[in-house]
Amino acid sequence: MAYQVLYRTYRPSKFSEVVGQEFVIKTLVNAIKNNKIAHAYLFAGPRGTGKTTIAKLFAKAINCEHFLDEACDECENCKAYLEGNHPDIIELDAASNNGVDDVREIIDQVPYAPLIGKYKVYIIDEVHMLSTQAFNALLKTLEEPPAHVIFIFATTDPQKVIPTVLSRCQRYNFSKLSLFEIKKRTSEVLNMEKIPYDEKAVDEIARMAEGGMRDALSILEQCLAYNPDELRISDIEKIFGLTSTKDEVEMFLKIHQNQISEVISDLRSMYSKGVDTKRLALDLLEICKDSLIYSDQGKETLLSKISPVEAQEIINTVSVQKLLKDAKNLEEVISREKQNENFLVYLELCLVKMASGNTDVVLPVESPVGKQKETVEIKETKKEKVEKVVEEKQKIQESFVVEPETDFLLSILLDANKDLKINDQIIYNKLDLFRYEPEKRKFYQLLIGTELFASNKDAIIVCGNKTQANNINTKSFNEELYQFINEEFGIDKMVYGIDNDKKNELISLYKSTPASKRNKPVYVEKYKIEKQKELSEEEKLINIFGEGVRVEE
Ligand SMILES: [Zn+2]
């Protein structure tokens, strides 16, 4: 039996089967009924929210001969669609076919009438990835489209679509699905597959999917590949590098028991094993919330994550004021994640803050001078301890960051070309695939939020903020990243991180370089980080004059 991935098997074949996006569907259905179909549509919204699915269903519906709220599934057009070979529904994935030739190939066919349907429908997925030339080629057709042609563009990044295209489209914004919608559909799929499951496991999948139904089903798929007979929360934790609630409660207690250095080193090792740190922060917040509710209400039924025993232990150790402060700190750090900042650093600082908040309440209001002094001293030492941990951590990190030299980066730029860059862009186009892969998630975390700046035949320069650049240039990460892109994409290049300041500096240096020196292949020896080490005088001479100068011993 041929195996089909879940999200394909359970891809809706009718509007009524689509999860969420009721408003979009209603408007589209009305447009068909009232015969008010536009020539170009833009479906914008986060991944996995149904853009391509609805585009296909719309293409089927407008060609159906007996449309009535849904396509009939019986006419010649519907049958061709259901068999997956309707000749007038043409799809292009701009993530992998973004060149001008790819676009020309399809628009050359635009003038010809549809073969069996009323309309020729072109569905272009991830349209923002088309090259400028490809966009321009498309634009000519969009300006004067034949009556029988409809374009549906889908994009996760509408701000990257050029305004002249945007202004010719009817735009629909797709929203993320709610936890409830995702849970409902995931349970339905499990029931149809006759697989037993715990509610907690489905909850966790819905949370991890972050509003995308396709993500939910691919997460489910990976779980079932691991254990095809049942879906259990313990398996999900194992597969996705989630920490168990028991470990998280332990961590939470340790933070408040003055064991912060241990917590930080645990966190570091979790990160290197690919544990999802954002998930961890959200879980700690939920532990906080549960404990607060339990301390106030004492009701078991209101606990969503931890057991009453765990809640009691936390309340015995951590005061309500501290829990409130913790919640505030955690909320703050979680909001950082959305800005694609380096999350690990902020999470570590947050935990340190939580631990140091612990010392604030020690000071007694009225006490003999001597005793007060003693308490102050204790407070100081604890504070010092925390500062020391942070300081040491920063030192360790900095010592392994090997910042590439400006001259070297410039030589890459002078040798860079656009084709190589387009080629290497595949790393970013496919980055999402690694988001839920336990072993490779760290590369997703390392690169997400950065962008490809330049490529030559030996190297790639990516631009992000200072922390992101430092992380990429950190010796151990950098070596692993080199291996990763080599194994996954067959790209044998080193990756160098720069921040915006460096980027601007490089651009102005590049501009001031005479045109005759640009884009000429300058031979750059494959740059290995080890070569950055200071060379001895003798080695420098050997580099220039050869072995002959070596001093005989
Ligand atoms: Zn039909």
# chains A, B, ... in the order shown; residues from 1 in each chain; ligands from 1
>>> select_by_dssp(residues="stretch 132-336 of chain A", states="alpha helix (DSSP H)", output="count of residues only")
135
>>> residues_near_ligand(ligand="ligand 1", cutoff="10 Å", atoms="only C-alpha atoms and all ligand atoms", output="PyMOL selection string")
chain A and resi 60-68+70-81
>>> closest_residue(among="A:Leu284, A:Met494, A:Ile472, A:Ile25", to="A:Phe43", atoms="only C-alpha atoms")
A:Ile25
>>> residues_around(residues="A:Tyr10", least_positions_apart="5", cutoff="10 Å", atoms="only C-alpha atoms", output="PyMOL selection string")
chain A and resi 4-5+17+185+188-189+192+214+217
>>> residues_around(residues="A:Gln159", least_positions_apart="5", cutoff="10 Å", atoms="only C-alpha atoms", output="ChimeraX atom specification")
/A:44,128,166
>>> residues_around(residues="A:Phe453", least_positions_apart="5", cutoff="12 Å", atoms="only C-alpha atoms", output="JSON, numbers by chain")
{"A": [409, 412, 413, 416, 417, 418, 420, 421, 422, 424, 425, 428, 459, 460, 461, 462, 463, 464, 495, 496, 497, 498, 499, 500, 502, 503, 504, 506, 507]}
>>> residues_around(residues="stretch 477-486 of chain A", least_positions_apart="2", cutoff="10 Å", atoms="only C-alpha atoms", output="ChimeraX atom specification")
/A:272,400-402,424,427,440,442-443,446-447,459,470-475,488-497,528-529
>>> write_last_selection(atoms="C-alpha atoms", output="CSV table (one decimal), in the first residue's frame")
chain,number,residue,atom,x,y,z
A,272,SER,CA,22.8,21.7,22.7
A,400,PHE,CA,34.7,31.0,21.2
A,401,VAL,CA,33.4,33.7,18.9
A,402,VAL,CA,35.8,34.0,15.9
A,424,ASP,CA,22.1,29.0,-1.6
A,427,ILE,CA,18.8,26.8,3.0
A,440,LYS,CA,18.6,19.6,13.7
A,442,LYS,CA,19.4,24.0,16.6
A,443,PHE,CA,20.3,25.0,13.1
A,446,LEU,CA,20.7,29.5,14.7
A,447,LEU,CA,19.5,30.8,11.3
A,459,ALA,CA,31.4,31.0,1.5
A,470,ASN,CA,28.1,35.9,17.2
A,471,ASN,CA,26.3,32.6,17.6
A,472,ILE,CA,26.9,31.8,14.0
A,473,ASN,CA,30.6,32.6,14.4
A,474,THR,CA,30.9,30.7,17.6
A,475,LYS,CA,33.5,28.0,16.8
A,488,GLU,CA,21.4,18.6,3.8
A,489,PHE,CA,21.9,20.7,0.8
A,490,GLY,CA,25.2,19.6,-0.7
A,491,ILE,CA,26.5,23.1,-0.2
A,492,ASP,CA,30.2,22.9,0.7
A,493,LYS,CA,30.7,26.4,2.1
A,494,MET,CA,31.6,28.1,5.3
A,495,VAL,CA,29.0,30.4,6.8
A,496,TYR,CA,29.9,33.7,8.4
A,497,GLY,CA,27.6,35.9,10.5
A,528,LYS,CA,38.9,27.4,8.1
A,529,ILE,CA,38.3,28.9,11.4
>>> closest_residue(among="A:Cys288, A:Val345, A:Ala137, A:Val320", to="A:Lys305", atoms="only C-alpha atoms")
A:Cys288
>>> residues_around(residues="A:Ile106", least_positions_apart="3", cutoff="12 Å", atoms="only C-alpha atoms", output="list in words")
Asp88, Ile89, Ile90, Glu91, Leu92, Asp93, Asn97, Gly99, Val100, Asp101, Asp102, Val103, Gln109, Val110, Pro111, Tyr112, Lys120, Val121, Tyr122, Ile123, Ile124, Ala134, Ala137, Leu138, Thr141, Val149 and Phe151 of chain A
>>> write_last_selection(atoms="N, CA, C and O atoms", output="mmCIF file, in the first residue's frame")
data_model
loop_
_atom_site.group_PDB
_atom_site.id
_atom_site.type_symbol
_atom_site.label_atom_id
_atom_site.label_comp_id
_atom_site.auth_asym_id
_atom_site.auth_seq_id
_atom_site.Cartn_x
_atom_site.Cartn_y
_atom_site.Cartn_z
ATOM 1 N N ASP A 88 -6.502 22.798 -16.643
ATOM 2 C CA ASP A 88 -6.588 24.257 -16.561
ATOM 3 C C ASP A 88 -6.242 24.800 -15.169
ATOM 4 O O ASP A 88 -6.360 25.989 -14.920
ATOM 5 N N ILE A 89 -5.867 23.900 -14.269
ATOM 6 C CA ILE A 89 -5.437 24.369 -12.942
ATOM 7 C C ILE A 89 -3.931 24.139 -12.855
ATOM 8 O O ILE A 89 -3.455 23.011 -12.845
ATOM 9 N N ILE A 90 -3.210 25.249 -12.874
ATOM 10 C CA ILE A 90 -1.750 25.150 -12.987
ATOM 11 C C ILE A 90 -1.106 25.685 -11.718
ATOM 12 O O ILE A 90 -1.392 26.801 -11.292
ATOM 13 N N GLU A 91 -0.253 24.864 -11.112
ATOM 14 C CA GLU A 91 0.380 25.293 -9.863
ATOM 15 C C GLU A 91 1.868 25.520 -10.052
ATOM 16 O O GLU A 91 2.520 24.774 -10.778
ATOM 17 N N LEU A 92 2.379 26.548 -9.380
ATOM 18 C CA LEU A 92 3.820 26.799 -9.411
ATOM 19 C C LEU A 92 4.275 27.107 -7.986
ATOM 20 O O LEU A 92 3.693 27.956 -7.318
ATOM 21 N N ASP A 93 5.289 26.394 -7.535
ATOM 22 C CA ASP A 93 5.836 26.694 -6.218
ATOM 23 C C ASP A 93 7.034 27.613 -6.393
ATOM 24 O O ASP A 93 8.095 27.175 -6.823
ATOM 25 N N ASN A 97 10.855 27.273 -7.834
ATOM 26 C CA ASN A 97 10.948 27.725 -9.230
ATOM 27 C C ASN A 97 10.753 29.226 -9.270
ATOM 28 O O ASN A 97 9.669 29.709 -9.542
ATOM 29 N N GLY A 99 12.674 31.582 -10.998
ATOM 30 C CA GLY A 99 13.353 32.319 -12.063
ATOM 31 C C GLY A 99 12.397 32.817 -13.119
ATOM 32 O O GLY A 99 11.236 32.412 -13.186
ATOM 33 N N VAL A 100 12.919 33.709 -13.956
ATOM 34 C CA VAL A 100 12.085 34.311 -14.986
ATOM 35 C C VAL A 100 11.613 33.247 -15.995
ATOM 36 O O VAL A 100 10.495 33.300 -16.494
ATOM 37 N N ASP A 101 12.445 32.232 -16.232
ATOM 38 C CA ASP A 101 12.056 31.199 -17.198
ATOM 39 C C ASP A 101 10.879 30.376 -16.697
ATOM 40 O O ASP A 101 10.005 29.984 -17.476
ATOM 41 N N ASP A 102 10.880 30.112 -15.368
ATOM 42 C CA ASP A 102 9.767 29.355 -14.795
ATOM 43 C C ASP A 102 8.453 30.089 -15.015
ATOM 44 O O ASP A 102 7.433 29.489 -15.324
ATOM 45 N N VAL A 103 8.489 31.415 -14.814
ATOM 46 C CA VAL A 103 7.274 32.208 -14.964
ATOM 47 C C VAL A 103 6.893 32.300 -16.440
ATOM 48 O O VAL A 103 5.744 32.130 -16.818
ATOM 49 N N GLN A 109 1.409 30.373 -21.909
ATOM 50 C CA GLN A 109 0.166 29.636 -22.180
ATOM 51 C C GLN A 109 -1.096 30.461 -21.899
ATOM 52 O O GLN A 109 -2.191 30.043 -22.235
ATOM 53 N N VAL A 110 -0.896 31.603 -21.241
ATOM 54 C CA VAL A 110 -2.043 32.397 -20.803
ATOM 55 C C VAL A 110 -3.039 32.742 -21.929
ATOM 56 O O VAL A 110 -4.243 32.614 -21.748
ATOM 57 N N PRO A 111 -2.570 33.172 -23.123
ATOM 58 C CA PRO A 111 -3.530 33.589 -24.156
ATOM 59 C C PRO A 111 -4.457 32.467 -24.630
ATOM 60 O O PRO A 111 -5.545 32.743 -25.114
ATOM 61 N N TYR A 112 -4.037 31.214 -24.496
ATOM 62 C CA TYR A 112 -4.872 30.131 -25.027
ATOM 63 C C TYR A 112 -6.053 29.840 -24.118
ATOM 64 O O TYR A 112 -5.942 29.872 -22.891
ATOM 65 N N LYS A 120 -8.839 29.323 -16.711
ATOM 66 C CA LYS A 120 -7.506 28.798 -16.428
ATOM 67 C C LYS A 120 -7.076 29.423 -15.110
ATOM 68 O O LYS A 120 -7.095 30.654 -14.977
ATOM 69 N N VAL A 121 -6.729 28.600 -14.145
ATOM 70 C CA VAL A 121 -6.371 29.156 -12.845
ATOM 71 C C VAL A 121 -4.897 28.878 -12.560
ATOM 72 O O VAL A 121 -4.454 27.724 -12.584
ATOM 73 N N TYR A 122 -4.156 29.935 -12.326
ATOM 74 C CA TYR A 122 -2.741 29.797 -11.982
ATOM 75 C C TYR A 122 -2.569 30.015 -10.489
ATOM 76 O O TYR A 122 -2.883 31.091 -9.969
ATOM 77 N N ILE A 123 -2.103 28.981 -9.786
ATOM 78 C CA ILE A 123 -1.878 29.121 -8.346
ATOM 79 C C ILE A 123 -0.364 29.222 -8.124
ATOM 80 O O ILE A 123 0.370 28.286 -8.440
ATOM 81 N N ILE A 124 0.073 30.364 -7.654
ATOM 82 C CA ILE A 124 1.515 30.529 -7.418
ATOM 83 C C ILE A 124 1.764 30.628 -5.920
ATOM 84 O O ILE A 124 1.375 31.596 -5.257
ATOM 85 N N ALA A 134 11.248 37.823 -12.706
ATOM 86 C CA ALA A 134 10.070 36.975 -12.824
ATOM 87 C C ALA A 134 8.810 37.772 -12.499
ATOM 88 O O ALA A 134 7.799 37.679 -13.187
ATOM 89 N N ALA A 137 7.920 39.981 -15.418
ATOM 90 C CA ALA A 137 7.314 39.225 -16.510
ATOM 91 C C ALA A 137 5.834 38.988 -16.207
ATOM 92 O O ALA A 137 4.970 39.105 -17.066
ATOM 93 N N LEU A 138 5.574 38.696 -14.938
ATOM 94 C CA LEU A 138 4.218 38.403 -14.502
ATOM 95 C C LEU A 138 3.336 39.644 -14.591
ATOM 96 O O LEU A 138 2.163 39.584 -14.964
ATOM 97 N N THR A 141 1.354 40.435 -17.690
ATOM 98 C CA THR A 141 0.124 39.657 -17.848
ATOM 99 C C THR A 141 -0.970 40.165 -16.912
ATOM 100 O O THR A 141 -2.138 40.204 -17.266
ATOM 101 N N VAL A 149 -8.638 34.010 -17.501
ATOM 102 C CA VAL A 149 -7.497 33.683 -16.637
ATOM 103 C C VAL A 149 -7.661 34.243 -15.222
ATOM 104 O O VAL A 149 -8.084 35.385 -15.043
ATOM 105 N N PHE A 151 -5.483 34.450 -11.483
ATOM 106 C CA PHE A 151 -4.270 34.165 -10.715
ATOM 107 C C PHE A 151 -4.608 34.105 -9.229
ATOM 108 O O PHE A 151 -5.339 34.967 -8.736
#
>>> closest_residue(among="A:Asp419, A:Ser131, A:Thr27, A:Leu349", to="A:Ile260", atoms="only C-alpha atoms")
A:Leu349
>>> closest_residue(among="A:Arg8, A:Ile315, A:Arg232, A:Glu193", to="A:Val249", atoms="only C-alpha atoms")
A:Ile315
>>> closest_residue(among="A:Ile239, A:Ile152, A:Ile287, A:Ala113", to="A:Gln222", atoms="only C-alpha atoms")
A:Ile239
>>> closest_residue(among="A:Glu83, A:Asp229, A:Glu22, A:Glu181", to="A:Ala206", atoms="only C-alpha atoms")
A:Glu181
>>> atom_distance(atom1="atom CA of A:Met354", atom2="atom CA of A:Asn329")
7.2 Å
>>> select_by_dssp(residues="stretch 167-408 of chain A", states="strand (DSSP E)", output="VMD selection string")
chain A and resid 170 to 173
>>> write_last_selection(atoms="C-alpha atoms", output="mmCIF file, in the first residue's frame")
data_model
loop_
_atom_site.group_PDB
_atom_site.id
_atom_site.type_symbol
_atom_site.label_atom_id
_atom_site.label_comp_id
_atom_site.auth_asym_id
_atom_site.auth_seq_id
_atom_site.Cartn_x
_atom_site.Cartn_y
_atom_site.Cartn_z
ATOM 1 C CA GLN A 170 -7.991 41.183 -4.204
ATOM 2 C CA ARG A 171 -6.410 40.423 -0.867
ATOM 3 C CA TYR A 172 -7.514 37.905 1.765
ATOM 4 C CA ASN A 173 -5.781 37.620 5.115
#
